[in-house]
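Read through the structure below, which is laid out as structure tokens, and then see the notes.
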Amino acid sequence: MRLPPIWLTLVHDAAAAALAFIGAVVLRVGWDAFTDRPELMTGGTLLFAALTLISARLTGLTRGVWRYTSLADLLGVVKTATLTVPIFALVLFFIQRGDYLPRSSLLYAWALLVLLLIAGRALYRAIKERSAAALLSAAREPVVLIGAGDEADLFLANLKRSAAHYRVVALVDERERRHGQAIRGVRVEGGIDALPQVIARLSARDEAPQKLILAQSDAKPETVRRLLEAAQSLNLPLVRLPRLTDFRDGDISVALRPLALEDLLGRPPQPLDRAPLENLVRGQRVLVTGAGGSIGAELVRQIAALGPAHLTLLDASEYALYSIDLQVSELFPALPRRAVIADVRDAGRIGRIFTEAAPDLVFHAAAIKHVPLAEANPLECFATNILGSRIVAEASRRAGAKAMVLISSDKAVNPTNVMGASKRVAEMWVQAQDLAENHGPRFVLVRFGNVLGSTGSVIPLFQRQLQRGGPLTVTHAEITRYFMTIAEAVELVLHASAYGTTDAAAPGRIFVLDMGEPVKIIDLARQMIRLHGLRPEVDIPIEITGLRPGEKLYEELFHDSEALDPTPVSGVRLAAPRTWALPDLAREFDAMAEAVARGDTAAALTILHRLVPEFSPAP
């Protein structure tokens, strides 16, 4: 019959107490004490053991679970020994006056009792943990960690105290000085180029990894691309860790995520001071047009997090407006807000909305942006992008707004399509308003390129084509575009807005976001195929379909005549204005409005060419 754990504890503690007493006597007097007076020493041993069990019961030491022995149990051991020794000395004094046992031996007994009581418990825990670790290690999935820095160290530390089913068998790092070193017992075997050899060595000793984990949040895109290609050639999945601040206790495998396109094309995050954003938005009444679009929705989310007094969401699309309004209601239920269905081309409706909303800040993101559709429907494009921008600017002035921010596009530079030319004309109106001698709102203009995953962009198109099994269609093998994540673009827009509304040296100038290096669309297609674990041109073909109407091979962020200056905001530059006088521009806008109203496309295009002489439609 198996003894209950409490009896095992009592047997251990009694034996430890007996050994502690015998050891103390031998250390102080020698074995002669037991041969000269065996009856007294036997009685003393039994008494010391009995008093130890009683003290352990009183201090709660016997209730401890040995598998989880900790500092609290050590304190319990000390309390038990400290209670046992004085009582034993007192009892011994009454029985034999303590003549046969030197008092110093009691100090030896106390120390030995503490040592033996804790040693058994600690040894038991060590054996249990070692056997459990061996079982877990055998069951856990072997992986290779890419990166030998803080994130790798934190991941390894989490593995030891979590239920994650991973076992790191090697580290890989590009820094040669780390090769041969180890983190928490795991060796750095080499760099990315050495991955095939590393995997071969691990396989030879029955530790073939099942996965590669990127533990380097600041890895450069070119490094991630090399790693993805290496993983694909080795037929191993590649995932990555979150940022250091996103680690949480528990199963760390929950935190792992697959690579995203942003990891291949994005740039290392630039830490930006959020104080200017809070100073810009907190306590202000804010209105966002195009609130349901990709940029508008991200603007709404980031603005809502900065504590505005009131937020008005305006969009012509019922579903898009419903979606972003629902998100805000769930994330910021206490934020006063209003969702309004309206078209920026309706001057009367926009005027009434602005009067009721009384915005301090207006972010104008509403626009027709799809190049082929704008090319096929130029008057609709002009009505929204040109005349709608004037309507929003005038409504902002009449409502007493402090600032209006126009979201523009790199397609406004040397445009080859009506969409880009229309955005350039909208820029001109905002510049002229900001340069006008009046005491109205500041008008801020922010220009940037494509954002990853925006509505109508090439990314969703590629995703749909991949779901159908291909092919992926690219209009030209050499076509390039600038790309930035939506979150990064909007954060920089807010920083540019904060700077533009307070800096008197920047009236009428264009804030240009640093988009990094342009990316070939065909390379983008190949990377998306690899992200799905497939091989470009082998598993999924890529077809060249030819340039669409109004499409050009490459985009530019600023005109040759727009000199660029730095700003205090990292990632934002300032371009010198090319402007028209406001009265002359107003006459051209009136003429454009008349042409649009009567459906005269030819007249509208003539006005467009007059306003943007560099506009040259693509052949």
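Convention: chains lettered A, B, ... in structure tokens order; per-chain residue numbering from 1; ligands numbered from 1 as shown.
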
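Residues in contact with segment 230-236 of chain A at up to 9 Å, not including ones fewer than 6 positions away on its chain and judged by only C-alpha atoms, are Ile192, Asp193, Leu195, Pro196, Ile199, Pro209, Gln210, Lys211, Leu212, Arg530, Gly533, Leu534 and Arg535 of chain A.
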
Open item on the list: List the spatial neighbours of Ile183 of chain A as number ranges by chain - criterion: any atom at most 8 Å away, only C-alpha atoms, same-chain residues fewer than 5 positions off excluded.
Closed with: A: 148, 153, 188

Neighbour list for Ala436 of chain A as a PDB file with C-alpha atoms, in the first residue's frame, cut-off 12 Å, only C-alpha atoms, skip fewer than 5 positions in-chain:
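Just written: out-v9.pdb:
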```
ATOM      1  CA  TRP A 429      -6.210  75.386 -53.933  1.00  0.00           C
ATOM      2  CA  VAL A 430      -5.069  74.405 -50.445  1.00  0.00           C
ATOM      3  CA  GLN A 431      -1.704  76.129 -50.988  1.00  0.00           C
ATOM      4  CA  PRO A 441      -7.494  78.282 -40.585  1.00  0.00           C
ATOM      5  CA  ARG A 442      -4.085  76.898 -41.473  1.00  0.00           C
ATOM      6  CA  PHE A 443      -4.219  74.710 -44.572  1.00  0.00           C
ATOM      7  CA  PRO A 507       2.628  78.374 -45.210  1.00  0.00           C
ATOM      8  CA  GLY A 508       1.544  76.923 -48.522  1.00  0.00           C
ATOM      9  CA  THR A 579       1.218  78.268 -56.549  1.00  0.00           C
ATOM     10  CA  TRP A 580      -1.330  80.405 -58.358  1.00  0.00           C
ATOM     11  CA  ALA A 581      -2.745  83.663 -57.041  1.00  0.00           C
ATOM     12  CA  LEU A 582      -6.031  82.899 -55.311  1.00  0.00           C
ATOM     13  CA  PRO A 583      -8.280  85.190 -57.497  1.00  0.00           C
ATOM     14  CA  LEU A 585      -7.269  80.155 -59.307  1.00  0.00           C
TER      15      LEU A 585
END
```

- [ ] Would you list, as a VMD selection string, the residues of segment 338-533 of chain A that end up in strand (DSSP E or B) under DSSP run on this structure's backbone?
- [x] chain A and resid 338 to 341 361 to 364 403 to 409 442 to 448 450 to 451 472 to 474 480 to 481 483 to 484 510 to 513 519 to 520

TODO: Within 12 Å of Leu107 of chain A, counting only C-alpha atoms, which residues show up once you throw out same-chain ones fewer than 3 positions away? Write them as a list in words, please.
DONE: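 Surrounding residues, per the criterion: Ala20, Phe21, Gly23, Ala24, Val25, Leu27, Arg28, Ala81, Thr82, Thr84, Val85, Pro86, Phe88, Ala89, Leu101, Pro102, Arg103, Ser104, Trp110, Ala111, Leu112, Leu113 and Val114 of chain A.
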
Open item on the list: According to DSSP computed on the backbone, where in segment 210-447 of chain A is there alpha helix (DSSP H)? Give the residues as an NGL selection string.
Closed with: :A and (221-233 or 261-265 or 275-281 or 294-304 or 318-331 or 347-357 or 371-376 or 378-381 or 388-398 or 418-435)

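Proximity of A:Pro308, A:Pro237, A:Gly120, A:Pro613 to Ala334 of chain A, computed with only C-alpha atoms, is greatest for A:Pro308.
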
Task: Nearest residue to Ile303 of chain A from the set A:Ala602, A:Leu287, A:Leu58, A:Ala367 (distances using only C-alpha atoms) - done: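 When distances to Ile303 of chain A are compared using only C-alpha atoms, the smallest one comes from A:Leu287.
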
- [ ] Just the residues within 7 Å of Glu189 of chain A, please, counting only C-alpha atoms, with nothing from its chain fewer than 6 positions along; format it as number ranges by chain.
- [x] A: 170-172, 179-180, 198

Skip Lys411 of chain A itself and residues of its chain fewer than 3 positions away, then list as an mmCIF file with C-alpha atoms, in the first residue's frame all residues within 9 Å of it, counting only C-alpha atoms.
```
data_model
loop_
_atom_site.group_PDB
_atom_site.id
_atom_site.type_symbol
_atom_site.label_atom_id
_atom_site.label_comp_id
_atom_site.auth_asym_id
_atom_site.auth_seq_id
_atom_site.Cartn_x
_atom_site.Cartn_y
_atom_site.Cartn_z
ATOM 1 C CA SER A 408 -2.569 64.147 -51.420
ATOM 2 C CA ASN A 414 4.250 65.199 -63.264
ATOM 3 C CA PRO A 415 0.868 63.478 -63.644
ATOM 4 C CA THR A 416 0.061 61.234 -66.588
ATOM 5 C CA ASN A 417 -3.547 60.623 -65.548
ATOM 6 C CA MET A 419 -6.539 61.397 -61.045
ATOM 7 C CA GLY A 420 -3.005 62.668 -60.407
ATOM 8 C CA ALA A 421 -3.678 65.967 -62.180
ATOM 9 C CA LYS A 423 -4.959 65.934 -56.915
ATOM 10 C CA ARG A 424 -2.370 68.478 -58.040
ATOM 11 C CA PHE A 448 2.798 60.396 -50.015
ATOM 12 C CA GLY A 449 2.737 57.262 -52.169
ATOM 13 C CA GLU A 555 5.982 57.741 -59.481
ATOM 14 C CA GLU A 556 7.707 60.806 -58.047
ATOM 15 C CA LEU A 557 7.199 62.383 -54.665
#
```

Task: Near-Ala376 of chain A list (10 Å; only C-alpha atoms; drop same-chain fewer than 4 positions) as a list in words - done: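 Surrounding residues, per the criterion: Val371, Pro372, Glu380, Cys381, Val418, Pro549 and Gly550 of chain A.
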
Task: Given only C-alpha atoms as the counted atoms, nearest of A:Val300, A:Val451, A:Ala320, A:Met592 to Glu262 of chain A - done: A:Val451
